[in-house]
Structure formats: structure tokens, C-alpha cells
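Below is protein_34.cif, which holds mmCIF, C-alpha atoms.
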```
data_my_file
#
loop_
_atom_site.label_atom_id
_atom_site.label_comp_id
_atom_site.auth_asym_id
_atom_site.auth_seq_id
_atom_site.Cartn_x
_atom_site.Cartn_y
_atom_site.Cartn_z
CA MET A 1 -14.85 0.46 31.19
CA ASN A 2 -15.80 -1.01 27.82
CA ARG A 3 -16.31 -4.76 27.83
CA CYS A 4 -13.82 -5.18 25.00
CA ARG A 5 -11.17 -3.86 27.41
CA THR A 6 -11.51 -6.75 29.89
CA ALA A 7 -9.13 -8.89 27.83
CA ARG A 8 -7.46 -6.41 25.52
CA THR A 9 -5.01 -8.71 23.82
CA ALA A 10 -4.48 -8.98 20.09
CA VAL A 11 -2.53 -11.02 17.58
CA ILE A 12 -1.83 -9.34 14.27
CA VAL A 13 -0.70 -11.38 11.28
CA GLY A 14 1.72 -9.41 9.12
CA ALA A 15 4.30 -6.73 9.93
CA GLY A 16 3.64 -4.62 6.86
CA VAL A 17 2.19 -1.12 6.79
CA ALA A 18 -1.34 -2.09 7.89
CA GLY A 19 -0.15 -4.44 10.61
CA LEU A 20 2.39 -2.08 12.14
CA ILE A 21 -0.01 0.87 12.15
CA ALA A 22 -2.81 -1.20 13.70
CA ALA A 23 -0.41 -2.56 16.30
CA THR A 24 0.83 0.90 17.26
CA ALA A 25 -2.67 2.40 17.46
CA LEU A 26 -3.99 -0.51 19.54
CA ALA A 27 -0.97 -0.49 21.86
CA ARG A 28 -1.41 3.22 22.49
CA ALA A 29 -5.02 2.48 23.49
CA GLY A 30 -3.84 -0.03 26.07
CA TRP A 31 -3.92 -3.30 24.14
CA ARG A 32 -1.21 -5.93 24.52
CA VAL A 33 -0.27 -6.67 20.92
CA GLU A 34 1.82 -9.39 19.31
CA ILE A 35 2.63 -9.49 15.60
CA ALA A 36 3.34 -12.75 13.80
CA GLU A 37 5.36 -12.07 10.66
CA VAL A 38 6.17 -14.99 8.36
CA SER A 39 9.34 -13.36 7.01
CA PRO A 40 12.39 -14.45 9.00
CA SER A 41 13.80 -10.92 9.06
CA ARG A 42 12.78 -7.26 8.86
CA ALA A 43 13.83 -7.02 5.22
CA THR A 44 11.16 -5.64 2.88
CA SER A 45 10.69 -6.11 -0.86
CA GLY A 46 10.19 -3.34 -3.40
CA TRP A 47 11.80 0.06 -3.74
CA GLY A 48 9.37 2.77 -2.83
CA LEU A 49 5.80 3.89 -2.36
CA CYS A 50 3.73 7.05 -2.11
CA LEU A 51 2.19 8.45 1.04
CA THR A 52 -0.72 10.49 -0.28
CA GLY A 53 -2.50 13.18 1.71
CA PRO A 54 -4.82 10.76 3.54
CA ALA A 55 -1.82 8.66 4.57
CA LEU A 56 -0.01 11.72 5.89
CA ARG A 57 -3.14 12.86 7.74
CA ALA A 58 -3.46 9.50 9.50
CA LEU A 59 0.26 9.36 10.25
CA ASN A 60 0.02 12.86 11.68
CA GLU A 61 -2.60 11.66 14.16
CA LEU A 62 -0.05 9.11 15.35
CA GLY A 63 2.74 11.68 15.46
CA LEU A 64 4.66 9.94 12.66
CA ALA A 65 4.16 12.32 9.74
CA ASP A 66 7.21 14.46 10.51
CA ALA A 67 9.52 11.44 10.52
CA CYS A 68 8.16 10.34 7.14
CA LEU A 69 8.43 13.85 5.72
CA ALA A 70 12.05 14.03 6.85
CA ALA A 71 12.92 10.59 5.48
CA GLY A 72 11.14 10.90 2.13
CA TYR A 73 10.60 13.44 -0.62
CA GLY A 74 7.67 15.86 -0.52
CA MET A 75 5.67 16.59 -3.69
CA THR A 76 2.76 18.80 -4.64
CA GLY A 77 1.51 17.38 -7.93
CA ILE A 78 1.53 14.85 -10.75
CA THR A 79 2.77 15.92 -14.18
CA HIS A 80 1.23 14.03 -17.11
CA VAL A 81 3.27 13.76 -20.31
CA ASP A 82 1.80 12.66 -23.64
CA VAL A 83 3.13 10.13 -26.17
CA ARG A 84 5.23 12.87 -27.86
CA GLY A 85 6.98 13.73 -24.60
CA GLU A 86 5.03 16.99 -24.19
CA PRO A 87 3.31 18.12 -20.94
CA ALA A 88 -0.35 17.05 -20.94
CA GLY A 89 -1.60 18.50 -17.68
CA GLU A 90 -0.91 18.80 -13.98
CA VAL A 91 -2.88 17.22 -11.13
CA PRO A 92 -2.42 19.26 -7.93
CA LEU A 93 -2.51 17.08 -4.82
CA PRO A 94 -4.61 18.07 -1.79
CA ARG A 95 -2.34 19.35 0.98
CA LEU A 96 -4.06 17.82 3.99
CA LEU A 97 -1.35 18.83 6.46
CA GLY A 98 -1.63 22.49 5.56
CA ALA A 99 -0.76 24.91 2.78
CA GLY A 100 2.96 24.87 3.50
CA GLN A 101 3.21 21.08 3.50
CA PRO A 102 3.48 18.65 0.55
CA GLY A 103 0.44 16.80 -0.72
CA MET A 104 2.33 13.53 -1.07
CA VAL A 105 5.62 12.01 0.05
CA GLY A 106 7.62 9.46 -1.89
CA ILE A 107 9.55 7.21 0.47
CA ALA A 108 11.71 4.11 0.28
CA ARG A 109 9.88 1.05 1.58
CA PRO A 110 12.72 -0.01 3.91
CA VAL A 111 12.86 3.51 5.38
CA LEU A 112 9.10 3.63 6.04
CA HIS A 113 9.24 0.15 7.52
CA ARG A 114 11.99 1.19 9.94
CA VAL A 115 9.95 4.21 11.10
CA LEU A 116 6.80 2.14 11.68
CA HIS A 117 8.63 -0.81 13.21
CA ALA A 118 10.51 1.38 15.69
CA GLU A 119 7.33 3.13 16.82
CA ALA A 120 5.45 -0.15 17.26
CA GLU A 121 8.23 -1.56 19.44
CA ARG A 122 8.48 1.70 21.39
CA CYS A 123 4.77 1.26 22.22
CA GLY A 124 5.40 -2.24 23.55
CA VAL A 125 4.37 -4.29 20.53
CA VAL A 126 6.14 -7.65 20.31
CA VAL A 127 7.10 -8.58 16.72
CA ARG A 128 7.92 -12.26 16.17
CA HIS A 129 9.54 -13.13 12.84
CA GLY A 130 9.38 -16.47 11.10
CA LEU A 131 5.88 -17.14 12.44
CA THR A 132 2.35 -17.11 11.13
CA VAL A 133 -1.09 -18.26 12.26
CA VAL A 134 -2.05 -21.72 11.02
CA ALA A 135 -5.38 -22.33 12.80
CA VAL A 136 -8.19 -20.18 14.19
CA ASP A 137 -11.02 -21.17 16.54
CA GLN A 138 -13.69 -18.74 17.72
CA ASP A 139 -14.61 -19.14 21.38
CA GLY A 140 -17.34 -16.68 22.29
CA GLU A 141 -15.71 -13.29 22.69
CA LEU A 142 -12.23 -14.77 22.38
CA VAL A 143 -10.21 -16.13 19.48
CA ARG A 144 -7.88 -19.08 19.85
CA VAL A 145 -5.01 -19.09 17.38
CA ARG A 146 -2.30 -21.65 16.80
CA LEU A 147 1.03 -20.42 15.48
CA SER A 148 3.36 -22.19 13.10
CA ASP A 149 5.82 -22.93 15.93
CA GLY A 150 3.16 -25.02 17.68
CA THR A 151 2.32 -22.47 20.39
CA ALA A 152 -1.19 -21.11 20.93
CA ARG A 153 -2.75 -17.83 21.99
CA GLN A 154 -6.21 -16.92 23.31
CA VAL A 155 -6.90 -13.28 22.49
CA ALA A 156 -9.72 -10.77 22.20
CA LEU A 157 -8.80 -9.79 18.66
CA LEU A 158 -7.16 -11.36 15.61
CA VAL A 159 -6.17 -9.02 12.78
CA GLY A 160 -5.15 -10.35 9.37
CA ALA A 161 -2.87 -7.76 7.78
CA ASP A 162 -1.07 -10.27 5.60
CA GLY A 163 -1.65 -8.89 2.12
CA ILE A 164 -3.67 -9.67 -0.96
CA ARG A 165 -2.97 -13.42 -0.69
CA SER A 166 -3.95 -13.42 2.99
CA SER A 167 -3.93 -16.81 4.70
CA THR A 168 -5.76 -15.28 7.68
CA ARG A 169 -8.67 -14.43 5.39
CA SER A 170 -8.93 -18.08 4.42
CA LEU A 171 -8.63 -19.28 8.02
CA LEU A 172 -11.56 -17.01 8.94
CA GLY A 173 -13.64 -18.48 6.11
CA LEU A 174 -13.77 -15.20 4.17
CA LYS A 175 -13.65 -15.70 0.40
CA THR A 176 -12.82 -13.29 -2.40
CA SER A 177 -11.40 -13.38 -5.90
CA LEU A 178 -8.01 -12.05 -6.98
CA ASP A 179 -8.44 -10.28 -10.29
CA TYR A 180 -5.59 -9.88 -12.78
CA HIS A 181 -5.84 -6.89 -15.11
CA GLY A 182 -3.54 -7.78 -17.98
CA GLN A 183 -0.70 -5.61 -16.69
CA MET A 184 2.71 -6.27 -15.19
CA VAL A 185 4.24 -3.36 -13.30
CA TRP A 186 8.00 -2.83 -13.20
CA ARG A 187 9.97 -0.74 -10.69
CA ALA A 188 13.65 0.12 -10.50
CA LEU A 189 15.66 2.34 -8.20
CA VAL A 190 17.56 5.12 -10.01
CA PRO A 191 19.38 8.35 -9.12
CA ARG A 192 16.90 11.24 -8.94
CA PRO A 193 17.23 13.62 -11.90
CA ARG A 194 17.33 17.26 -10.77
CA TRP A 195 14.13 18.05 -12.69
CA ALA A 196 12.17 15.32 -10.84
CA THR A 197 10.53 17.32 -8.06
CA GLY A 198 7.16 15.56 -8.35
CA ILE A 199 5.62 12.50 -9.93
CA HIS A 200 5.96 12.36 -13.72
CA HIS A 201 3.62 10.06 -15.62
CA PHE A 202 4.50 9.30 -19.24
CA ALA A 203 1.96 7.99 -21.76
CA GLY A 204 3.32 5.56 -24.33
CA MET A 205 2.01 4.03 -27.52
CA THR A 206 1.62 0.68 -25.73
CA ASP A 207 2.74 1.01 -22.12
CA THR A 208 2.89 3.77 -19.52
CA ALA A 209 5.87 4.82 -17.42
CA GLY A 210 6.69 7.20 -14.62
CA LEU A 211 9.17 8.50 -12.11
CA VAL A 212 8.66 9.02 -8.37
CA PRO A 213 11.32 10.73 -6.22
CA ILE A 214 11.80 9.07 -2.81
CA SER A 215 14.66 11.19 -1.45
CA THR A 216 16.90 14.05 -2.55
CA ARG A 217 19.20 11.46 -4.14
CA GLN A 218 16.96 8.64 -5.30
CA ALA A 219 13.78 7.94 -7.26
CA TYR A 220 12.11 4.90 -8.68
CA VAL A 221 11.09 4.49 -12.27
CA PHE A 222 7.98 2.45 -12.95
CA LEU A 223 6.58 0.97 -16.14
CA THR A 224 3.16 -0.60 -16.59
CA GLU A 225 3.34 -3.26 -19.28
CA ASN A 226 -0.06 -3.69 -20.96
CA GLY A 227 -1.72 -6.71 -22.51
CA VAL A 228 0.52 -9.43 -21.08
CA GLU A 229 -0.08 -12.69 -19.25
CA GLN A 230 1.22 -13.20 -15.72
CA SER A 231 4.71 -14.63 -15.88
CA VAL A 232 8.03 -14.80 -14.06
CA LEU A 233 11.25 -13.75 -15.79
CA PRO A 234 14.81 -14.68 -14.78
CA GLU A 235 16.28 -12.02 -12.53
CA ALA A 236 19.19 -11.43 -14.92
CA ASP A 237 16.73 -10.51 -17.68
CA LEU A 238 14.81 -7.86 -15.74
CA ALA A 239 17.06 -4.79 -16.09
CA PRO A 240 17.79 -5.20 -19.83
CA ARG A 241 14.13 -5.97 -20.53
CA LEU A 242 12.98 -2.87 -18.65
CA ARG A 243 15.44 -0.70 -20.57
CA GLN A 244 14.04 -2.20 -23.78
CA LEU A 245 10.45 -1.44 -22.77
CA LEU A 246 11.45 2.18 -22.05
CA GLU A 247 13.04 2.66 -25.49
CA PRO A 248 9.87 3.86 -27.32
CA PHE A 249 9.31 6.74 -24.88
CA PRO A 250 10.68 10.13 -26.01
CA GLY A 251 11.81 13.13 -24.01
CA ARG A 252 12.87 12.77 -20.41
CA VAL A 253 12.43 8.98 -20.37
CA GLU A 254 15.47 8.85 -22.66
CA GLU A 255 17.44 10.32 -19.77
CA ILE A 256 16.01 7.84 -17.26
CA ARG A 257 16.47 4.65 -19.29
CA PRO A 258 20.29 4.38 -18.99
CA LEU A 259 19.98 4.76 -15.21
CA VAL A 260 18.30 1.35 -14.90
CA SER A 261 21.14 -0.96 -13.87
CA GLY A 262 21.68 -4.60 -12.98
CA ALA A 263 21.70 -6.15 -9.52
CA GLU A 264 24.13 -4.83 -6.96
CA SER A 265 25.46 -6.65 -3.89
CA GLY A 266 23.20 -9.60 -4.61
CA ALA A 267 20.01 -7.52 -4.31
CA PRO A 268 17.68 -7.25 -7.34
CA SER A 269 17.65 -3.79 -8.89
CA VAL A 270 14.37 -4.33 -10.73
CA VAL A 271 11.11 -5.83 -9.48
CA ARG A 272 8.21 -6.98 -11.67
CA ARG A 273 4.77 -7.76 -10.27
CA PRO A 274 1.30 -8.49 -11.69
CA VAL A 275 -1.41 -5.86 -11.28
CA ARG A 276 -4.01 -7.67 -9.19
CA THR A 277 -6.90 -6.33 -7.16
CA THR A 278 -9.44 -7.64 -4.72
CA PHE A 279 -12.37 -6.34 -2.72
CA LEU A 280 -13.90 -8.48 0.00
CA GLU A 281 -17.67 -8.35 -0.38
CA GLY A 282 -19.75 -8.68 2.77
CA ALA A 283 -18.22 -8.81 6.23
CA TRP A 284 -14.49 -8.37 6.71
CA ASN A 285 -14.69 -10.17 10.04
CA ARG A 286 -15.75 -13.53 11.39
CA GLY A 287 -16.38 -13.17 15.10
CA ASN A 288 -13.48 -11.25 16.61
CA GLY A 289 -11.17 -11.94 13.68
CA VAL A 290 -10.89 -9.26 10.99
CA VAL A 291 -8.83 -8.56 7.88
CA ILE A 292 -7.53 -5.12 6.92
CA GLY A 293 -5.36 -3.50 4.25
CA ASP A 294 -4.74 -5.48 1.08
CA ALA A 295 -6.24 -8.57 2.69
CA ALA A 296 -9.63 -6.81 2.48
CA HIS A 297 -9.20 -4.34 -0.39
CA ALA A 298 -6.21 -4.25 -2.70
CA PRO A 299 -6.32 -1.52 -5.38
CA ALA A 300 -4.31 -1.36 -8.57
CA PRO A 301 -1.23 0.87 -8.18
CA GLN A 302 -2.53 3.56 -10.57
CA MET A 303 -3.92 5.66 -7.69
CA ALA A 304 -0.80 5.24 -5.50
CA SER A 305 -3.16 4.93 -2.53
CA GLY A 306 -2.86 1.36 -1.30
CA ALA A 307 -0.64 2.50 1.56
CA ALA A 308 -3.11 5.27 2.44
CA LEU A 309 -5.96 2.77 2.80
CA ALA A 310 -3.78 0.45 4.89
CA ILE A 311 -2.67 3.26 7.23
CA GLU A 312 -6.23 4.54 7.64
CA ASP A 313 -7.42 1.00 8.35
CA GLY A 314 -4.94 0.49 11.18
CA LEU A 315 -5.75 3.81 12.83
CA LEU A 316 -9.53 3.64 12.43
CA LEU A 317 -9.72 0.03 13.60
CA ALA A 318 -8.25 1.08 16.94
CA GLN A 319 -10.53 4.12 17.11
CA GLU A 320 -13.72 2.12 16.55
CA LEU A 321 -12.74 -0.56 19.06
CA GLU A 322 -12.16 2.22 21.59
CA ARG A 323 -15.58 3.76 20.95
CA HIS A 324 -17.73 0.64 21.23
CA GLU A 325 -18.90 -1.58 24.02
CA SER A 326 -17.61 -4.81 22.53
CA ALA A 327 -15.00 -5.85 20.02
CA GLY A 328 -17.75 -7.25 17.79
CA SER A 329 -19.65 -3.98 17.59
CA GLY A 330 -16.39 -2.11 17.08
CA LEU A 331 -15.50 -4.32 14.11
CA GLU A 332 -18.94 -3.80 12.56
CA ALA A 333 -18.57 -0.03 12.92
CA PHE A 334 -15.07 -0.19 11.46
CA MET A 335 -16.26 -1.94 8.34
CA SER A 336 -19.28 0.34 7.98
CA ARG A 337 -16.92 3.30 8.08
CA ARG A 338 -14.45 1.84 5.59
CA ALA A 339 -16.30 -0.26 3.02
CA GLN A 340 -17.57 2.36 0.56
CA ARG A 341 -14.41 4.45 0.66
CA CYS A 342 -12.22 1.44 -0.03
CA ARG A 343 -14.55 0.09 -2.71
CA THR A 344 -14.52 3.42 -4.53
CA LEU A 345 -10.75 3.54 -4.63
CA VAL A 346 -10.38 -0.07 -5.79
CA GLU A 347 -12.99 0.41 -8.53
CA THR A 348 -11.44 3.71 -9.65
CA SER A 349 -7.99 2.15 -9.85
CA VAL A 350 -9.39 -0.69 -11.97
CA ALA A 351 -11.11 1.82 -14.27
CA ILE A 352 -7.85 3.73 -14.73
CA ALA A 353 -6.02 0.49 -15.53
CA GLY A 354 -8.63 -0.22 -18.21
CA LEU A 355 -8.23 3.25 -19.74
CA GLU A 356 -4.47 2.76 -19.83
CA ARG A 357 -4.86 -0.54 -21.68
CA ALA A 358 -7.14 1.24 -24.17
CA GLN A 359 -4.62 4.11 -24.59
CA ARG A 360 -7.26 6.59 -23.36
CA HIS A 361 -4.84 8.52 -21.17
CA HIS A 362 -6.68 11.84 -21.31
CA ASP A 363 -9.81 10.13 -19.99
CA ALA A 364 -7.82 8.69 -17.09
CA HIS A 365 -6.43 12.03 -15.87
CA PRO A 366 -9.77 13.43 -14.60
CA LEU A 367 -10.43 10.16 -12.74
CA VAL A 368 -7.08 10.46 -10.97
CA ASP A 369 -7.82 14.06 -9.98
CA ALA A 370 -11.38 13.31 -8.80
CA CYS A 371 -10.33 10.30 -6.76
CA HIS A 372 -7.55 12.21 -4.97
CA ARG A 373 -10.09 14.89 -4.08
CA LEU A 374 -12.54 12.27 -2.83
CA MET A 375 -9.86 10.63 -0.72
CA ALA A 376 -9.04 14.01 0.78
CA GLU A 377 -12.43 13.99 2.53
CA PRO A 378 -12.44 12.77 6.16
CA ALA A 379 -11.93 9.03 6.35
#
```
Written form, C-alpha cells:
Amino acid sequence: MNRCRTARTAVIVGAGVAGLIAATALARAGWRVEIAEVSPSRATSGWGLCLTGPALRALNELGLADACLAAGYGMTGITHVDVRGEPAGEVPLPRLLGAGQPGMVGIARPVLHRVLHAEAERCGVVVRHGLTVVAVDQDGELVRVRLSDGTARQVALLVGADGIRSSTRSLLGLKTSLDYHGQMVWRALVPRPRWATGIHHFAGMTDTAGLVPISTRQAYVFLTENGVEQSVLPEADLAPRLRQLLEPFPGRVEEIRPLVSGAESGAPSVVRRPVRTTFLEGAWNRGNGVVIGDAAHAPAPQMASGAALAIEDGLLLAQELERHESAGSGLEAFMSRRAQRCRTLVETSVAIAGLERAQRHHDAHPLVDACHRLMAEPA
């Protein structure tokens, strides 16, 4: 039996996509896994995301692809539309589950979270809300962690899956920069127009916009606002401001704009976030503590592949720990397997963001196509 199996216990920080996938994959391999999630409830922020081919391939290995396909909206391509509202090209998406399956699935974040959360708990993962790790101490092949409720754990593995602003990364002494790219991205949930059977990406004179279906009834509209400083706007201003930013777009955006509405039932209808990226140079681990997902490599949203990297990370982390004689060697192999792939996607997403700011949309389209094809290769 592998030495890393003598004390196969793990604490994962963060119950997002990366954390839940890692927890499920580790639990299936026989690990006892506990997740510390700082949020006091299972509620998630944001409206939707894309599960690209690589995400679906990894989910399929875990037997979760069918549930996501059933809960989301399958798509086969991205339609680019120019500043006049005319079609400017189609990017076919690699169908990694087979010719009869979609190349991408749009899905509501809360729906995906429920699927992943239920599977993790079915596999015996314990998810504790309202907690996070506040101190880490390496002790040979073990990691001692202190939680925010004052309790402590001594485990074989600590996984930081707590996002781009990861506190676990800091506790492990791993340093990286968070880079802002002069863009704020807006998202709003809207009824799905009947013509929206795939992603539509609209070039504007200043900004870019798009529409992503996430079910037969719903979609989310996004807008990337260029050349702006990071800022926070009052919630009441978000919906009218987004409608205003969509006004210059012709064609089908004119149909979408009136669908953006104000808050309902106390929940915000529009979210606005800065476009920030990071890539952790050097090791992603310190001893038997490691960071994955956005904590290690957060791309800009232009490639719609942040979730794919996070899902692959969780699955491949468990695979490499299973294949190696110690947790330390498994973590080294994991990073060796992931670093270049993740770097390429982050750098490509940053390049596309730059082309958008420069209004060079036609130059961005081939990059999107090439990167999707690259990501279709085995992880």
C-alpha cells in the first residue's frame, strides 16, 4: 500500500467547484475528507458558467456529466457578431463526449453546486460551513491546521481551493500577484430567446457583450466594460447602468436589453466583477499543503474555461496522489502535469482581453478557436 495511504485524511478549504470535485475524487479513492467553507450557507453568487469539453470529459470520469447535461443547456459553437450586428464567424467546439453530444454546457451556478455538493456528501465528505483555516504548521508528512472555531486537525493533505484571493495560499507562504486588466464584467439573468441555441458574442465600438443559455428557459447576458478602473456601484444602479451600456449594440442585443430587470425577492439581478487573473509561479505546494483552481491559476473569463481547469485540477490531484508513493511526490507530479496547460490558458485569456480593449475582435477569434482545440487534448 502506498505510504500516502497510511493516514489518508484531508482538509479542503473552499466548497466551490475545485474543492467539491477534489473532495469527491479523493473520497472515492478512500480518503477521509473534510471541507471548511467560510460561507455560512450553501448559497452561491453569480448566475451561470460554461462547462467546456474538458470540464465535461473530467465530469464524465466521475459519472457526473449526465446530471450536468440534464440540468444545463448543451451547445455546439460560439457565434461571433460584428459591430454592425452581422455574423462574423462561428467557432465549433470540440465534442469530447462524442459526436452526438454537445461541446459545451451552460449551467446555472446554483444548479451545478447542488450536483457537486450532493455527490461529495454521498461519497462521505463532511462539509462544514462558516469555517476556514486560520493557521498551518507542517509536521513532517502531516499538516496541522487550526480552524476559525478554535479546533485543530492533523491531516496528510491540505488543499486550498478558496479562489483567487486565497487565504490558504498566504498561510502556505506562496506569493503571487493579482492582475487587473482594465475591464469590469457584468452578468444578468434573462429569459432565453428562442434563437439563442449557443453562445453569441457581440463586438461593440467600445465594449463587448454576449449571451449564454443555461437552460431551456433561461440565459445570462454578459457585458465586458473596457478601459475602466475597479469600482463598486450601488446595487440599485446596476440594472439601469447595464441596460445603458447595451444601448450602442445593434441587432439582437436590442432584443436582449429590455430583459435586464431589477432585483427580485431581495436577490441582485445583476452582478459586476473586475477581470483579474493570477498564475502562481514556482511550486503550488509547501510540504503537503497545495492550492488548486483559481487559487493557483485564475484566467480571465474570455475563454470560459476557469471551471474546466478547476474540475480537471480536482480530478487529477486525486489521480496523482493515488499513483505515487508519498503525498509529496504526488503533489509534485500533479503540478508538473498541470502547470503548462494552466499557464497557456491564463496567458491566452489575457491576450484576448487585450485584443478586446484594442477593438481587434477579428484577431481574437482565432485565439479562442486555437485555445479550445488545445484544451481538447488530454489533460
What is the atom CA of A:Val17-atom CA of A:Arg42 distance in Å, reported with one decimal?
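One can read the atom CA of A:Val17 to atom CA of A:Arg42 distance as 12.4 Å.
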Find, counting all atoms listed in the file, the residue in A:Ala376, A:Val145, A:Leu316, A:Ile199 that gets nearest to A:Pro94.
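Ranking A:Ala376, A:Val145, A:Leu316, A:Ile199 by distance to A:Pro94, first place goes to A:Ala376.
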For A:Thr277, work out the shell of residues within 6 Å, counting all atoms listed in the file and skipping chain neighbours fewer than 2 positions away, then give it as a ChimeraX atom specification.
/A:178-179,298-300
Could those selected residues go to a file with C-alpha atoms, as a CSV table (one decimal), in the frame of the given file?
```
chain,number,residue,atom,x,y,z
A,178,LEU,CA,-8.0,-12.0,-7.0
A,179,ASP,CA,-8.4,-10.3,-10.3
A,298,ALA,CA,-6.2,-4.2,-2.7
A,299,PRO,CA,-6.3,-1.5,-5.4
A,300,ALA,CA,-4.3,-1.4,-8.6
```
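Between atom CA of A:Ile12 and atom CA of A:Leu158 the interatomic distance comes to 5.9 Å.
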Please, what distance in Å, to one decimal, runs between atom CA of A:Leu59 and atom CA of A:Pro213?
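Between these atoms lies a distance of 19.9 Å.
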I need stretch 268-330 of chain A from the structure I supplied, saved as a JSON list (two decimals), in the first residue's frame with C-alpha atoms retained.
```
[["chain", "number", "residue", "atom", "x", "y", "z"],
["A", 268, "PRO", "CA", -29.47, 41.04, -7.04],
["A", 269, "SER", "CA", -30.37, 40.54, -10.69],
["A", 270, "VAL", "CA", -27.07, 41.92, -11.99],
["A", 271, "VAL", "CA", -23.53, 41.19, -10.83],
["A", 272, "ARG", "CA", -20.44, 43.23, -11.73],
["A", 273, "ARG", "CA", -16.90, 41.97, -11.13],
["A", 274, "PRO", "CA", -13.37, 43.07, -12.09],
["A", 275, "VAL", "CA", -11.47, 40.97, -14.63],
["A", 276, "ARG", "CA", -8.47, 39.79, -12.62],
["A", 277, "THR", "CA", -6.03, 36.98, -13.27],
["A", 278, "THR", "CA", -3.22, 35.24, -11.48],
["A", 279, "PHE", "CA", -0.73, 32.47, -12.13],
["A", 280, "LEU", "CA", 1.33, 31.07, -9.28],
["A", 281, "GLU", "CA", 4.92, 30.80, -10.44],
["A", 282, "GLY", "CA", 7.04, 28.03, -8.96],
["A", 283, "ALA", "CA", 5.61, 25.40, -6.64],
["A", 284, "TRP", "CA", 1.89, 25.28, -5.90],
["A", 285, "ASN", "CA", 2.59, 23.38, -2.69],
["A", 286, "ARG", "CA", 4.51, 23.83, 0.53],
["A", 287, "GLY", "CA", 5.03, 20.43, 2.08],
["A", 288, "ASN", "CA", 1.74, 18.57, 1.99],
["A", 289, "GLY", "CA", -0.32, 21.72, 1.51],
["A", 290, "VAL", "CA", -1.31, 22.63, -2.06],
["A", 291, "VAL", "CA", -3.50, 25.18, -3.82],
["A", 292, "ILE", "CA", -5.67, 24.38, -6.84],
["A", 293, "GLY", "CA", -8.21, 26.10, -9.09],
["A", 294, "ASP", "CA", -8.30, 29.89, -9.05],
["A", 295, "ALA", "CA", -6.02, 29.92, -6.01],
["A", 296, "ALA", "CA", -3.22, 28.72, -8.32],
["A", 297, "HIS", "CA", -4.31, 29.92, -11.78],
["A", 298, "ALA", "CA", -7.23, 32.23, -12.41],
["A", 299, "PRO", "CA", -7.86, 33.06, -16.10],
["A", 300, "ALA", "CA", -9.85, 35.95, -17.48],
["A", 301, "PRO", "CA", -13.42, 34.89, -18.39],
["A", 302, "GLN", "CA", -12.89, 35.33, -22.15],
["A", 303, "MET", "CA", -12.10, 31.62, -22.63],
["A", 304, "ALA", "CA", -14.98, 30.43, -20.40],
["A", 305, "SER", "CA", -12.61, 27.76, -19.09],
["A", 306, "GLY", "CA", -11.94, 28.61, -15.46],
["A", 307, "ALA", "CA", -14.38, 25.91, -14.34],
["A", 308, "ALA", "CA", -12.73, 23.39, -16.68],
["A", 309, "LEU", "CA", -9.31, 23.98, -15.10],
["A", 310, "ALA", "CA", -10.79, 23.73, -11.60],
["A", 311, "ILE", "CA", -12.60, 20.46, -12.37],
["A", 312, "GLU", "CA", -9.51, 18.95, -14.00],
["A", 313, "ASP", "CA", -7.41, 20.02, -11.02],
["A", 314, "GLY", "CA", -9.65, 18.24, -8.52],
["A", 315, "LEU", "CA", -9.75, 15.02, -10.51],
["A", 316, "LEU", "CA", -6.06, 14.91, -11.45],
["A", 317, "LEU", "CA", -4.91, 15.78, -7.93],
["A", 318, "ALA", "CA", -6.59, 12.62, -6.65],
["A", 319, "GLN", "CA", -5.21, 10.58, -9.55],
["A", 320, "GLU", "CA", -1.60, 11.64, -8.95],
["A", 321, "LEU", "CA", -1.82, 11.05, -5.20],
["A", 322, "GLU", "CA", -3.11, 7.56, -5.97],
["A", 323, "ARG", "CA", -0.22, 6.83, -8.34],
["A", 324, "HIS", "CA", 2.68, 7.91, -6.15],
["A", 325, "GLU", "CA", 4.41, 6.54, -3.11],
["A", 326, "SER", "CA", 4.03, 9.65, -0.99],
["A", 327, "ALA", "CA", 1.77, 12.68, -0.91],
["A", 328, "GLY", "CA", 4.79, 14.90, -1.59],
["A", 329, "SER", "CA", 5.75, 13.10, -4.79],
["A", 330, "GLY", "CA", 2.10, 13.02, -5.84]]
```
